[in-house]
file structure_8.pdb (PDB, C-alpha atoms and all ligand atoms)
ATOM      1  CA  MET A 936       0.000   0.000   0.000
ATOM      2  CA  GLN A 937       3.004   2.289   0.446
ATOM      3  CA  ARG A 938       3.233   2.457  -3.368
ATOM      4  CA  VAL A 939      -0.308   3.862  -3.499
ATOM      5  CA  GLU A 940       0.454   6.501  -0.847
ATOM      6  CA  THR A 941       3.570   7.487  -2.819
ATOM      7  CA  GLU A 942       1.495   7.869  -5.998
ATOM      8  CA  ILE A 943      -1.169   9.907  -4.206
ATOM      9  CA  ALA A 944       1.528  12.215  -2.784
ATOM     10  CA  ARG A 945       3.068  12.599  -6.263
ATOM     11  CA  LEU A 946      -0.278  13.516  -7.848
ATOM     12  CA  ILE A 947      -0.995  16.074  -5.129
ATOM     13  CA  LYS A 948       2.489  17.585  -5.579
ATOM     14  CA  GLU A 949       1.872  17.876  -9.336
ATOM     15  CA  ILE A 950      -1.179  20.065  -8.657
ATOM     16  CA  ASP A 951       1.485  22.529  -7.504
ATOM     17  CA  TYR A 952      -0.518  24.622  -5.070
ATOM     18  CA  ASP A 953       0.518  24.819  -1.388
ATOM     19  CA  GLU A 954      -3.061  25.447  -0.286
ATOM     20  CA  VAL A 955      -4.145  22.107  -1.802
ATOM     21  CA  THR A 956      -1.165  20.236  -0.306
ATOM     22  CA  LYS A 957      -1.977  21.680   3.116
ATOM     23  CA  LEU A 958      -5.697  20.912   2.948
ATOM     24  CA  PHE A 959      -5.092  17.435   1.558
ATOM     25  CA  SER A 960      -2.671  16.614   4.382
ATOM     26  CA  SER A 961      -5.391  17.429   6.912
ATOM     27  CA  LEU A 962      -7.655  14.691   5.478
ATOM     28  CA  SER A 963      -7.655  11.198   6.960
ATOM     29  CA  GLY A 964      -6.926   8.541   4.333
ATOM     30  CA  GLY A 965      -9.531   6.032   5.536
ATOM     31  CA  LYS A 966      -9.457   2.292   4.912
ATOM     32  CA  ARG A 967      -8.329   2.559   1.268
ATOM     33  CA  LEU A 968     -10.594  -0.403   0.465
ATOM     34  CA  ARG A 969     -10.796   0.414  -3.273
ATOM     35  CA  ALA A 970      -7.015   0.767  -3.588
ATOM     36  CA  LYS A 971      -6.457  -2.515  -1.716
ATOM     37  CA  LEU A 972      -8.743  -4.341  -4.137
ATOM     38  CA  ILE A 973      -6.849  -3.058  -7.185
ATOM     39  CA  LEU A 974      -3.484  -4.032  -5.709
ATOM     40  CA  LYS A 975      -4.724  -7.483  -4.677
ATOM     41  CA  ILE A 976      -6.300  -8.169  -8.072
ATOM     42  CA  ALA A 977      -3.479  -6.751 -10.200
ATOM     43  CA  PRO A 978      -0.376  -6.924  -7.938
ATOM     44  CA  GLU A 979       2.065  -7.445 -10.799
ATOM     45  CA  HIS A 980       0.878  -4.597 -13.033
ATOM     46  CA  LYS A 981       3.185  -1.566 -13.029
ATOM     47  CA  ASP A 982       0.286   0.913 -13.253
ATOM     48  CA  ALA A 983      -1.844  -0.681 -10.503
ATOM     49  CA  PRO A 984      -0.609   1.780  -7.802
ATOM     50  CA  LEU A 985      -1.455   4.740 -10.083
ATOM     51  CA  LEU A 986      -4.924   3.384 -10.841
ATOM     52  CA  ALA A 987      -5.455   2.769  -7.124
ATOM     53  CA  ALA A 988      -4.368   6.356  -6.350
ATOM     54  CA  ILE A 989      -6.785   7.694  -9.002
ATOM     55  CA  VAL A 990      -9.713   5.778  -7.511
ATOM     56  CA  GLU A 991      -8.864   6.976  -3.988
ATOM     57  CA  LEU A 992      -8.750  10.601  -5.192
ATOM     58  CA  ILE A 993     -12.181  10.182  -6.799
ATOM     59  CA  HIS A 994     -13.525   8.597  -3.620
ATOM     60  CA  GLY A 995     -11.985  11.406  -1.533
ATOM     61  CA  ALA A 996     -13.550  14.050  -3.802
ATOM     62  CA  SER A 997     -16.969  12.406  -3.514
ATOM     63  CA  LEU A 998     -16.723  12.423   0.300
ATOM     64  CA  LEU A 999     -15.747  16.124   0.350
ATOM     65  CA  HIS A1000     -18.864  16.914  -1.678
ATOM     66  CA  ASP A1001     -21.016  14.488   0.316
ATOM     67  CA  ASP A1002     -20.061  16.199   3.591
ATOM     68  CA  VAL A1003     -21.180  19.538   2.146
ATOM     69  CA  ILE A1004     -24.469  17.983   0.998
ATOM     70  CA  ASP A1005     -24.993  16.236   4.373
ATOM     71  CA  ASP A1006     -23.730  19.173   6.508
ATOM     72  CA  ALA A1007     -21.402  16.678   8.203
ATOM     73  CA  MET A1008     -19.084  17.998  10.922
ATOM     74  CA  THR A1009     -16.678  15.058  10.951
ATOM     75  CA  ARG A1010     -15.230  12.648   8.430
ATOM     76  CA  ARG A1011     -13.194   9.554   9.287
ATOM     77  CA  GLY A1012     -12.841  10.746  12.867
ATOM     78  CA  VAL A1013     -11.465  14.210  12.049
ATOM     79  CA  THR A1014     -13.188  17.568  11.490
ATOM     80  CA  SER A1015     -14.573  17.713   7.946
ATOM     81  CA  ILE A1016     -13.146  20.313   5.540
ATOM     82  CA  ASN A1017     -16.545  22.022   5.216
ATOM     83  CA  ALA A1018     -16.623  22.367   9.018
ATOM     84  CA  SER A1019     -13.026  23.617   9.361
ATOM     85  CA  ASN A1020     -12.632  25.672   6.155
ATOM     86  CA  GLY A1021     -16.155  26.172   4.837
ATOM     87  CA  SER A1022     -18.244  24.549   2.115
ATOM     88  CA  LYS A1023     -16.750  26.573  -0.749
ATOM     89  CA  THR A1024     -13.278  25.273   0.046
ATOM     90  CA  ALA A1025     -14.579  21.704   0.363
ATOM     91  CA  VAL A1026     -16.284  21.898  -3.043
ATOM     92  CA  MET A1027     -13.201  23.401  -4.721
ATOM     93  CA  LEU A1028     -10.819  20.866  -3.183
ATOM     94  CA  GLY A1029     -13.170  18.100  -4.346
ATOM     95  CA  ASP A1030     -13.160  19.560  -7.870
ATOM     96  CA  ILE A1031      -9.356  19.650  -7.975
ATOM     97  CA  LEU A1032      -8.935  16.053  -6.735
ATOM     98  CA  TYR A1033     -11.615  14.808  -9.092
ATOM     99  CA  SER A1034     -10.226  16.520 -12.191
ATOM    100  CA  LYS A1035      -6.629  15.550 -11.394
ATOM    101  CA  ALA A1036      -7.797  11.945 -11.097
ATOM    102  CA  PHE A1037      -9.465  12.150 -14.520
ATOM    103  CA  THR A1038      -6.403  13.802 -16.089
ATOM    104  CA  GLU A1039      -4.436  10.693 -15.070
ATOM    105  CA  LEU A1040      -7.216   8.245 -15.915
ATOM    106  CA  VAL A1041      -7.247   9.156 -19.631
ATOM    107  CA  SER A1042      -3.765   7.637 -20.054
ATOM    108  CA  PHE A1043      -5.172   4.154 -19.282
ATOM    109  CA  ASP A1044      -6.638   1.752 -21.861
ATOM    110  CA  LYS A1045     -10.129   2.719 -22.928
ATOM    111  CA  ASP A1046     -11.888  -0.204 -21.192
ATOM    112  CA  VAL A1047     -10.249   0.624 -17.851
ATOM    113  CA  ALA A1048     -10.878   4.382 -18.188
ATOM    114  CA  GLN A1049     -14.495   3.849 -19.234
ATOM    115  CA  THR A1050     -15.157   1.466 -16.338
ATOM    116  CA  ILE A1051     -14.014   4.022 -13.759
ATOM    117  CA  ALA A1052     -15.547   7.057 -15.517
ATOM    118  CA  ALA A1053     -18.989   5.446 -15.900
ATOM    119  CA  SER A1054     -19.014   4.507 -12.225
ATOM    120  CA  VAL A1055     -18.565   8.169 -11.235
ATOM    121  CA  THR A1056     -21.697   9.143 -13.178
ATOM    122  CA  ALA A1057     -23.523   6.317 -11.385
ATOM    123  CA  LEU A1058     -22.157   7.407  -8.005
ATOM    124  CA  SER A1059     -23.316  10.977  -8.525
ATOM    125  CA  LYS A1060     -26.751   9.751  -9.604
ATOM    126  CA  GLY A1061     -26.918   7.543  -6.499
ATOM    127  CA  GLU A1062     -26.123  10.514  -4.260
ATOM    128  CA  MET A1063     -28.951  12.523  -5.790
ATOM    129  CA  MET A1064     -31.354   9.590  -5.369
ATOM    130  CA  ASP A1065     -30.310   9.231  -1.725
ATOM    131  CA  VAL A1066     -31.054  12.892  -1.004
ATOM    132  CA  LYS A1067     -34.351  12.780  -2.900
ATOM    133  CA  MET A1068     -35.504   9.541  -1.270
ATOM    134  CA  ALA A1069     -34.923  10.946   2.237
ATOM    135  CA  GLU A1070     -37.703  13.503   1.631
ATOM    136  CA  ASN A1071     -40.427  10.870   2.111
ATOM    137  CA  PHE A1072     -40.764   7.505   3.825
ATOM    138  CA  ASN A1073     -39.626   4.860   1.329
ATOM    139  CA  SER A1074     -40.884   1.303   1.719
ATOM    140  CA  ASP A1075     -39.616   0.027  -1.641
ATOM    141  CA  GLU A1076     -36.777  -2.433  -1.013
ATOM    142  CA  SER A1077     -35.661  -2.701  -4.618
ATOM    143  CA  LEU A1078     -35.535   1.083  -5.050
ATOM    144  CA  TYR A1079     -33.445   1.281  -1.883
ATOM    145  CA  LEU A1080     -31.029  -1.397  -3.129
ATOM    146  CA  ASP A1081     -30.768   0.333  -6.538
ATOM    147  CA  MET A1082     -29.755   3.539  -4.760
ATOM    148  CA  LEU A1083     -27.218   1.727  -2.540
ATOM    149  CA  TYR A1084     -25.745   0.045  -5.570
ATOM    150  CA  LEU A1085     -25.250   3.373  -7.333
ATOM    151  CA  LYS A1086     -24.074   5.402  -4.341
ATOM    152  CA  THR A1087     -21.746   2.930  -2.650
ATOM    153  CA  ALA A1088     -21.182  -0.215  -4.683
ATOM    154  CA  THR A1089     -20.438   1.117  -8.184
ATOM    155  CA  LEU A1090     -16.995   2.562  -7.447
ATOM    156  CA  ILE A1091     -15.993  -0.619  -5.563
ATOM    157  CA  GLU A1092     -17.339  -2.706  -8.452
ATOM    158  CA  ALA A1093     -15.435  -0.525 -10.945
ATOM    159  CA  ALA A1094     -12.190  -0.774  -8.933
ATOM    160  CA  ALA A1095     -12.379  -4.586  -8.870
ATOM    161  CA  LYS A1096     -13.354  -4.798 -12.539
ATOM    162  CA  ALA A1097     -10.671  -2.335 -13.697
ATOM    163  CA  GLY A1098      -8.030  -4.228 -11.692
ATOM    164  CA  ALA A1099      -9.082  -7.430 -13.449
ATOM    165  CA  LEU A1100      -9.011  -5.707 -16.866
ATOM    166  CA  LEU A1101      -5.444  -4.522 -16.236
ATOM    167  CA  VAL A1102      -4.141  -8.090 -15.908
ATOM    168  CA  GLY A1103      -6.603  -9.988 -18.121
ATOM    169  CA  LYS A1104      -8.513 -11.694 -15.270
ATOM    170  CA  ASP A1105     -12.277 -12.386 -15.487
ATOM    171  CA  ALA A1106     -13.717  -8.838 -15.428
ATOM    172  CA  GLU A1107     -17.360  -9.831 -14.871
ATOM    173  CA  LYS A1108     -16.622 -12.141 -11.936
ATOM    174  CA  HIS A1109     -14.512  -9.448 -10.286
ATOM    175  CA  ALA A1110     -17.239  -6.876 -10.956
ATOM    176  CA  LEU A1111     -19.756  -9.137  -9.194
ATOM    177  CA  TYR A1112     -17.380  -9.533  -6.265
ATOM    178  CA  GLY A1113     -16.935  -5.742  -5.964
ATOM    179  CA  ARG A1114     -20.660  -5.051  -6.358
ATOM    180  CA  ASN A1115     -21.658  -7.543  -3.661
ATOM    181  CA  LEU A1116     -18.849  -6.420  -1.355
ATOM    182  CA  GLY A1117     -20.043  -2.812  -1.707
ATOM    183  CA  LEU A1118     -23.701  -3.673  -1.151
ATOM    184  CA  SER A1119     -23.110  -5.854   1.875
ATOM    185  CA  PHE A1120     -20.687  -3.265   3.288
ATOM    186  CA  GLN A1121     -23.423  -0.629   3.159
ATOM    187  CA  ILE A1122     -26.087  -2.964   4.586
ATOM    188  CA  ILE A1123     -23.798  -3.704   7.561
ATOM    189  CA  ASP A1124     -23.290   0.051   7.956
ATOM    190  CA  ASP A1125     -27.065   0.527   8.058
ATOM    191  CA  ILE A1126     -27.420  -2.231  10.660
ATOM    192  CA  LEU A1127     -24.679  -0.753  12.856
ATOM    193  CA  ASP A1128     -26.533   2.567  12.893
ATOM    194  CA  ILE A1129     -29.274   0.672  14.760
ATOM    195  CA  THR A1130     -27.303  -1.825  16.851
ATOM    196  CA  ALA A1131     -24.061  -0.029  17.785
ATOM    197  CA  THR A1132     -23.685   2.445  20.638
ATOM    198  CA  GLU A1133     -23.113   6.169  20.297
ATOM    199  CA  GLU A1134     -19.489   5.828  21.555
ATOM    200  CA  VAL A1135     -18.681   3.308  18.841
ATOM    201  CA  LEU A1136     -20.421   5.241  16.048
ATOM    202  CA  GLY A1137     -19.182   8.709  16.965
ATOM    203  CA  LYS A1138     -22.735   9.940  16.261
ATOM    204  CA  PRO A1139     -26.122   9.242  17.893
ATOM    205  CA  ALA A1140     -27.459   5.725  17.256
ATOM    206  CA  MET A1141     -30.533   5.439  14.946
ATOM    207  CA  ASN A1142     -29.412   8.647  13.272
ATOM    208  CA  ASP A1143     -30.165   7.415   9.729
ATOM    209  CA  TYR A1144     -33.914   7.504  10.320
ATOM    210  CA  VAL A1145     -33.712  10.981  11.882
ATOM    211  CA  GLU A1146     -31.958  12.053   8.654
ATOM    212  CA  GLY A1147     -34.778  10.529   6.614
ATOM    213  CA  LYS A1148     -32.893   7.407   5.501
ATOM    214  CA  CYS A1149     -35.213   4.391   5.440
ATOM    215  CA  THR A1150     -32.657   1.617   5.549
ATOM    216  CA  LEU A1151     -33.463  -2.088   5.164
ATOM    217  CA  PRO A1152     -34.417  -2.839   8.810
ATOM    218  CA  TYR A1153     -37.026  -0.030   8.570
ATOM    219  CA  ILE A1154     -38.302  -1.215   5.186
ATOM    220  CA  TYR A1155     -38.678  -4.799   6.486
ATOM    221  CA  LEU A1156     -40.362  -3.494   9.631
ATOM    222  CA  TYR A1157     -42.886  -1.492   7.617
ATOM    223  CA  GLU A1158     -43.827  -4.652   5.683
ATOM    224  CA  GLU A1159     -44.638  -6.475   8.949
ATOM    225  CA  LEU A1160     -46.611  -3.817  10.838
ATOM    226  CA  ASN A1161     -50.400  -3.422  10.949
ATOM    227  CA  ALA A1162     -51.980  -0.258   9.519
ATOM    228  CA  ASN A1163     -51.912   1.696  12.808
ATOM    229  CA  ASP A1164     -48.317   0.817  13.548
ATOM    230  CA  LYS A1165     -47.301   1.598   9.958
ATOM    231  CA  GLU A1166     -48.706   5.076  10.487
ATOM    232  CA  ARG A1167     -46.861   5.408  13.813
ATOM    233  CA  LEU A1168     -43.556   4.433  12.175
ATOM    234  CA  VAL A1169     -44.033   6.830   9.239
ATOM    235  CA  SER A1170     -44.940   9.700  11.584
ATOM    236  CA  SER A1171     -41.475   9.396  13.215
ATOM    237  CA  HIS A1172     -39.675   9.623   9.886
ATOM    238  CA  ALA A1173     -37.054  12.362   9.309
ATOM    239  CA  LYS A1174     -37.317  14.077  12.688
ATOM    240  CA  GLU A1175     -35.839  14.010  16.179
ATOM    241  CA  ILE A1176     -37.986  11.533  18.110
ATOM    242  CA  SER A1177     -38.508  10.827  21.818
ATOM    243  CA  LYS A1178     -36.623   8.087  23.667
ATOM    244  CA  ASP A1179     -39.944   6.209  24.035
ATOM    245  CA  GLU A1180     -40.542   6.252  20.291
ATOM    246  CA  THR A1181     -36.981   5.067  19.612
ATOM    247  CA  LEU A1182     -37.524   2.196  22.079
ATOM    248  CA  TRP A1183     -40.811   1.292  20.402
ATOM    249  CA  ILE A1184     -39.102   1.059  16.992
ATOM    250  CA  GLN A1185     -36.278  -1.038  18.463
ATOM    251  CA  GLU A1186     -38.743  -3.410  20.185
ATOM    252  CA  LYS A1187     -40.765  -3.835  17.006
ATOM    253  CA  MET A1188     -37.578  -4.517  15.042
ATOM    254  CA  GLN A1189     -36.663  -7.214  17.576
ATOM    255  CA  GLU A1190     -40.135  -8.727  17.457
ATOM    256  CA  HIS A1191     -40.040  -8.972  13.650
ATOM    257  CA  THR A1192     -36.280  -9.763  13.446
ATOM    258  CA  THR A1193     -35.743  -7.104  10.796
ATOM    259  CA  VAL A1194     -32.052  -6.566  11.647
ATOM    260  CA  GLU A1195     -31.477 -10.308  11.264
ATOM    261  CA  LYS A1196     -33.287 -10.302   7.896
ATOM    262  CA  SER A1197     -31.097  -7.438   6.718
ATOM    263  CA  PHE A1198     -27.971  -9.231   7.926
ATOM    264  CA  GLN A1199     -29.101 -12.337   6.055
ATOM    265  CA  LEU A1200     -29.202 -10.387   2.787
ATOM    266  CA  ALA A1201     -25.684  -9.019   3.431
ATOM    267  CA  GLN A1202     -24.544 -12.578   4.170
ATOM    268  CA  ASN A1203     -26.136 -13.958   0.981
ATOM    269  CA  LEU A1204     -24.506 -11.263  -1.152
ATOM    270  CA  SER A1205     -21.185 -11.978   0.513
ATOM    271  CA  ASN A1206     -21.546 -15.735  -0.077
ATOM    272  CA  GLU A1207     -22.285 -15.130  -3.755
ATOM    273  CA  ALA A1208     -19.141 -12.968  -3.994
ATOM    274  CA  GLN A1209     -17.068 -15.683  -2.288
ATOM    275  CA  ILE A1210     -18.234 -18.257  -4.795
ATOM    276  CA  ALA A1211     -17.345 -15.926  -7.697
ATOM    277  CA  MET A1212     -13.813 -15.573  -6.288
ATOM    278  CA  ASN A1213     -13.454 -19.335  -6.070
ATOM    279  CA  GLY A1214     -11.354 -19.520  -2.921
ATOM    280  CA  ASP A1215      -9.049 -16.511  -3.501
ATOM    281  CA  ARG A1216      -7.963 -16.304   0.165
ATOM    282  CA  GLU A1217      -7.214 -12.591   0.293
ATOM    283  CA  LEU A1218     -10.359 -11.394  -1.482
ATOM    284  CA  VAL A1219     -12.529 -13.747   0.587
ATOM    285  CA  GLY A1220     -10.723 -12.478   3.716
ATOM    286  CA  ILE A1221     -11.771  -8.885   2.900
ATOM    287  CA  LEU A1222     -15.408 -10.014   2.675
ATOM    288  CA  GLU A1223     -15.244 -11.884   5.968
ATOM    289  CA  THR A1224     -13.669  -8.978   7.844
ATOM    290  CA  MET A1225     -16.313  -6.653   6.453
ATOM    291  CA  ILE A1226     -19.258  -8.889   7.406
ATOM    292  CA  LYS A1227     -17.935  -9.425  10.938
ATOM    293  CA  ARG A1228     -17.099  -5.786  11.689
ATOM    294  CA  THR A1229     -18.703  -4.091  14.639
ATOM    295  CA  PHE A1230     -17.937  -0.460  13.725
TER     296      PHE A1230
HETATM  297  C1  LIG B   1     -21.435   8.795   1.272
HETATM  298  O1  LIG B   1     -22.747   8.446   1.618
HETATM  299  C2  LIG B   1     -21.424   9.255  -0.154
HETATM  300  C3  LIG B   1     -20.939   8.591  -1.219
HETATM  301  C4  LIG B   1     -20.333   7.254  -1.066
HETATM  302  C5  LIG B   1     -20.992   9.150  -2.611
HETATM  303  C6  LIG B   1     -21.066  10.641  -2.741
HETATM  304  C7  LIG B   1     -21.066  11.067  -4.170
HETATM  305  C8  LIG B   1     -21.122  12.330  -4.606
HETATM  306  C9  LIG B   1     -21.217  13.493  -3.677
HETATM  307  C10 LIG B   1     -21.059  12.589  -6.069
HETATM  308  C11 LIG B   1     -19.926  13.525  -6.460
HETATM  309  C12 LIG B   1     -18.778  12.778  -6.967
HETATM  310  C13 LIG B   1     -17.533  13.322  -7.229
HETATM  311  C14 LIG B   1     -16.448  12.436  -7.679
HETATM  312  C15 LIG B   1     -17.193  14.759  -7.065
HETATM  313  P1  LIG B   1     -23.346   8.637   3.076
HETATM  314  O2  LIG B   1     -23.614  10.085   3.298
HETATM  315  O3  LIG B   1     -24.485   7.705   3.168
HETATM  316  O4  LIG B   1     -22.211   8.074   4.005
HETATM  317  P2  LIG B   1     -21.312   8.796   5.093
HETATM  318  O5  LIG B   1     -21.922   8.415   6.398
HETATM  319  O6  LIG B   1     -19.944   8.186   4.901
HETATM  320  O7  LIG B   1     -21.325  10.254   4.842
HETATM  321 MG    MG B   2     -22.682  11.587   4.158
END
call {"tool": "encode", "arguments": {"input": "structure_8.pdb", "output": "structure tokens"}}
result
Amino acid sequence: MQRVETEIARLIKEIDYDEVTKLFSSLSGGKRLRAKLILKIAPEHKDAPLLAAIVELIHGASLLHDDVIDDAMTRRGVTSINASNGSKTAVMLGDILYSKAFTELVSFDKDVAQTIAASVTALSKGEMMDVKMAENFNSDESLYLDMLYLKTATLIEAAAKAGALLVGKDAEKHALYGRNLGLSFQIIDDILDITATEEVLGKPAMNDYVEGKCTLPYIYLYEELNANDKERLVSSHAKEISKDETLWIQEKMQEHTTVEKSFQLAQNLSNEAQIAMNGDRELVGILETMIKRTF
């Protein structure tokens, strides 16, 4: 992974603006999941670290913009750029990272470049769907999964597929692996918002619903409730709710095992991805760590 960090540092230096170097150094790098996938799938390819750096810059740019859209105060455990330097700076830094990434991407073969580029259109569409869908209670599971796929899974899918294209491995199987990894990652995230404590999350538990996000455990709960209870659930959507109301939702979720049902879907997606990778120990290991995580 050091090779990816070296490439990222080189690309930032090439932008040749101290302000950008300074702001970029204040960001936390995160898990670098997308970069890890590219290096694991195409370890022997000389341009794999550059492609991995490009994808991480795109991901970083999308998070800078997302934090402006979400009014987020923190990102990856540190103060977000919009909170420390204002939204204008966050948008401009995102623009610079994103366009530098694309400047480098055009030197790759067309299939690789197109795979990554198309995923960024999908990602942006997914973000808009996410914001739009939070305006009203959504009980449509397939619409929710479509949005998750676009917002979170497409760039992971594209990273895995592009890595495979670089070295002539099976692109479709790797795309399926990345897609399912991304989807199950996000489903686990949604579950942790309900089951983890505030200390672990670094934000209040059950915050997704307050923000209007009807994640899978809420969608499955809605399906199970009677008409009166459906109305009660919907009336709590997208607002700060009392402790009693939060407890009621949690009890109903337990009664109808909606967290378990959501986990089962994440597990099924992960199993399908494992089969596609046919025993590749490292790629299967990433899936297992992700499914078992508690934060
Ligand atoms: C995080 O979602 C957001 C994303 C993964 C994608 C955001 C995409 C854009 C803003 C499109 C713009 C793209 C570019 C390249 C400039 P979240 O808010 O559910 O998760 P969080 O808790 O990590 O914020
Ligand atoms: Mg966000």
call {"tool": "resolve_selection", "arguments": {"input": "structure_8.pdb", "expression": "the PyMOL selection byres (((not hetatm)) within 9 of (chain B and resi 2))", "output": "number ranges by chain"}}
result
A: 998, 1000-1007, 1010
call {"tool": "resolve_selection", "arguments": {"input": "structure_8.pdb", "expression": "the PyMOL selection byres (((chain A and resi 1059-1075) around 7) and not hetatm)", "output": "JSON, numbers by chain"}}
result
{"A": [1055, 1056, 1057, 1058, 1076, 1077, 1078, 1079, 1082, 1085, 1086, 1147, 1148, 1149, 1154, 1157, 1169, 1172]}
call {"tool": "closest_atom_pairs", "arguments": {"input": "structure_8.pdb", "of": "segment 1027-1103 of chain A", "to": "segment 1107-1124 of chain A", "cutoff": "9 Å", "atoms": "all atoms listed in the file", "output": "Markdown table"}}
result
| residue | atom | partner | partner_atom | distance |
| --- | --- | --- | --- | --- |
| A:Leu1080 | CA | A:Leu1118 | CA | 7.9 |
| A:Leu1083 | CA | A:Leu1118 | CA | 6.6 |
| A:Tyr1084 | CA | A:Leu1118 | CA | 6.1 |
| A:Thr1087 | CA | A:Gly1117 | CA | 6.1 |
| A:Ala1088 | CA | A:Gly1117 | CA | 4.1 |
| A:Thr1089 | CA | A:Arg1114 | CA | 6.4 |
| A:Leu1090 | CA | A:Gly1117 | CA | 8.4 |
| A:Ile1091 | CA | A:Gly1113 | CA | 5.2 |
| A:Glu1092 | CA | A:Gly1113 | CA | 3.9 |
| A:Ala1093 | CA | A:Ala1110 | CA | 6.6 |
| A:Ala1094 | CA | A:Gly1113 | CA | 7.5 |
| A:Ala1095 | CA | A:His1109 | CA | 5.5 |
| A:Lys1096 | CA | A:Ala1110 | CA | 4.7 |
| A:Ala1097 | CA | A:Ala1110 | CA | 8.4 |
| A:Gly1098 | CA | A:His1109 | CA | 8.4 |
| A:Ala1099 | CA | A:His1109 | CA | 6.6 |
call {"tool": "atom_distance", "arguments": {"input": "structure_8.pdb", "atom1": "atom O2 of ligand LIG 1 (chain B)", "atom2": "atom CA of Leu1127 of chain A"}}
result
14.5 Å
call {"tool": "axis_aligned_box", "arguments": {"input": "structure_8.pdb", "around": "ligand LIG 1 (chain B)", "padding_each_side": "6 Å", "output": "lines of an AutoDock Vina configuration file"}}
result
center_x = -20.5
center_y = 11.0
center_z = -0.6
size_x = 20.0
size_y = 19.5
size_z = 26.1
call {"tool": "resolve_selection", "arguments": {"input": "structure_8.pdb", "expression": "the PyMOL selection byres (((chain A and resi 961) around 12) and not hetatm)", "output": "compact mmCIF listing (two decimals) with C-alpha atoms, in the frame of the given file"}}
result
# COMPACT_ATOMS: atom_id res chain seq x y z
CA GLU A 954 -3.06 25.45 -0.29
CA VAL A 955 -4.14 22.11 -1.80
CA THR A 956 -1.16 20.24 -0.31
CA LYS A 957 -1.98 21.68 3.12
CA LEU A 958 -5.70 20.91 2.95
CA PHE A 959 -5.09 17.43 1.56
CA SER A 960 -2.67 16.61 4.38
CA LEU A 962 -7.66 14.69 5.48
CA SER A 963 -7.66 11.20 6.96
CA GLY A 964 -6.93 8.54 4.33
CA ARG A 1010 -15.23 12.65 8.43
CA ARG A 1011 -13.19 9.55 9.29
CA GLY A 1012 -12.84 10.75 12.87
CA VAL A 1013 -11.46 14.21 12.05
CA THR A 1014 -13.19 17.57 11.49
CA SER A 1015 -14.57 17.71 7.95
CA ILE A 1016 -13.15 20.31 5.54
CA SER A 1019 -13.03 23.62 9.36
CA ASN A 1020 -12.63 25.67 6.16
CA LEU A 1028 -10.82 20.87 -3.18
call {"tool": "closest_residue", "arguments": {"input": "structure_8.pdb", "among": "A:Glu1190, A:Glu1180, A:Asp1030, A:Glu1166", "to": "Leu999 of chain A", "atoms": "only C-alpha atoms"}}
result
A:Asp1030
call {"tool": "closest_residue", "arguments": {"input": "structure_8.pdb", "among": "A:Thr941, A:Ser997, A:Thr1130, A:Gln1209", "to": "ligand LIG 1 (chain B)", "atoms": "all atoms listed in the file"}}
result
A:Ser997
call {"tool": "residues_near_point", "arguments": {"input": "structure_8.pdb", "point": "(-33.8, 8.7, 14.6)", "cutoff": "6 Å", "atoms": "all atoms listed in the file", "output": "CSV table (one decimal) with C-alpha atoms, in the coordinates of the input"}}
result
chain,number,residue,atom,x,y,z
A,1141,MET,CA,-30.5,5.4,14.9
A,1142,ASN,CA,-29.4,8.6,13.3
A,1144,TYR,CA,-33.9,7.5,10.3
A,1145,VAL,CA,-33.7,11.0,11.9
A,1175,GLU,CA,-35.8,14.0,16.2
call {"tool": "residues_around", "arguments": {"input": "structure_8.pdb", "residues": "Glu991 of chain A", "least_positions_apart": "2", "cutoff": "8 Å", "atoms": "only C-alpha atoms", "output": "ChimeraX atom specification"}}
result
/A:967,969-970,987-989,993-995
call {"tool": "atom_distance", "arguments": {"input": "structure_8.pdb", "atom1": "atom CA of Val1135 of chain A", "atom2": "atom CA of Glu1186 of chain A"}}
result
21.2 Å
call {"tool": "atom_distance", "arguments": {"input": "structure_8.pdb", "atom1": "atom CA of Gln1189 of chain A", "atom2": "atom CA of Met1225 of chain A"}}
result
23.2 Å
call {"tool": "closest_residue", "arguments": {"input": "structure_8.pdb", "among": "A:Leu1156, A:Leu1101, A:Ile1184, A:Ile1210", "to": "Asp1044 of chain A", "atoms": "all atoms listed in the file"}}
result
A:Leu1101
call {"tool": "closest_residue", "arguments": {"input": "structure_8.pdb", "among": "A:Ser1034, A:Ser1022, A:Thr1192, A:Gln1185", "to": "ligand LIG 1 (chain B)", "atoms": "all atoms listed in the file"}}
result
A:Ser1034
call {"tool": "closest_residue", "arguments": {"input": "structure_8.pdb", "among": "A:Glu1158, A:Asp1128, A:Asp1164, A:Glu1223", "to": "ligand LIG 1 (chain B)", "atoms": "only C-alpha atoms and all ligand atoms"}}
result
A:Asp1128
call {"tool": "build_atoms", "arguments": {"input": "structure_8.pdb", "residues": "segment 1205-1209 of chain A", "atoms": "N, CA and C atoms", "output": "PDB file, in the frame of the given file"}}
result
ATOM      1  N   SER A1205     -22.581 -11.665   0.248  1.00  0.00           N
ATOM      2  CA  SER A1205     -21.185 -11.978   0.513  1.00  0.00           C
ATOM      3  C   SER A1205     -20.850 -13.416   0.079  1.00  0.00           C
ATOM      4  N   ASN A1206     -21.777 -14.339   0.346  1.00  0.00           N
ATOM      5  CA  ASN A1206     -21.546 -15.735  -0.077  1.00  0.00           C
ATOM      6  C   ASN A1206     -21.433 -15.847  -1.594  1.00  0.00           C
ATOM      7  N   GLU A1207     -22.309 -15.102  -2.284  1.00  0.00           N
ATOM      8  CA  GLU A1207     -22.285 -15.130  -3.755  1.00  0.00           C
ATOM      9  C   GLU A1207     -20.936 -14.602  -4.264  1.00  0.00           C
ATOM     10  N   ALA A1208     -20.438 -13.547  -3.606  1.00  0.00           N
ATOM     11  CA  ALA A1208     -19.141 -12.968  -3.994  1.00  0.00           C
ATOM     12  C   ALA A1208     -18.007 -13.957  -3.736  1.00  0.00           C
ATOM     13  N   GLN A1209     -18.105 -14.684  -2.612  1.00  0.00           N
ATOM     14  CA  GLN A1209     -17.068 -15.683  -2.288  1.00  0.00           C
ATOM     15  C   GLN A1209     -17.009 -16.759  -3.354  1.00  0.00           C
TER      16      GLN A1209
END
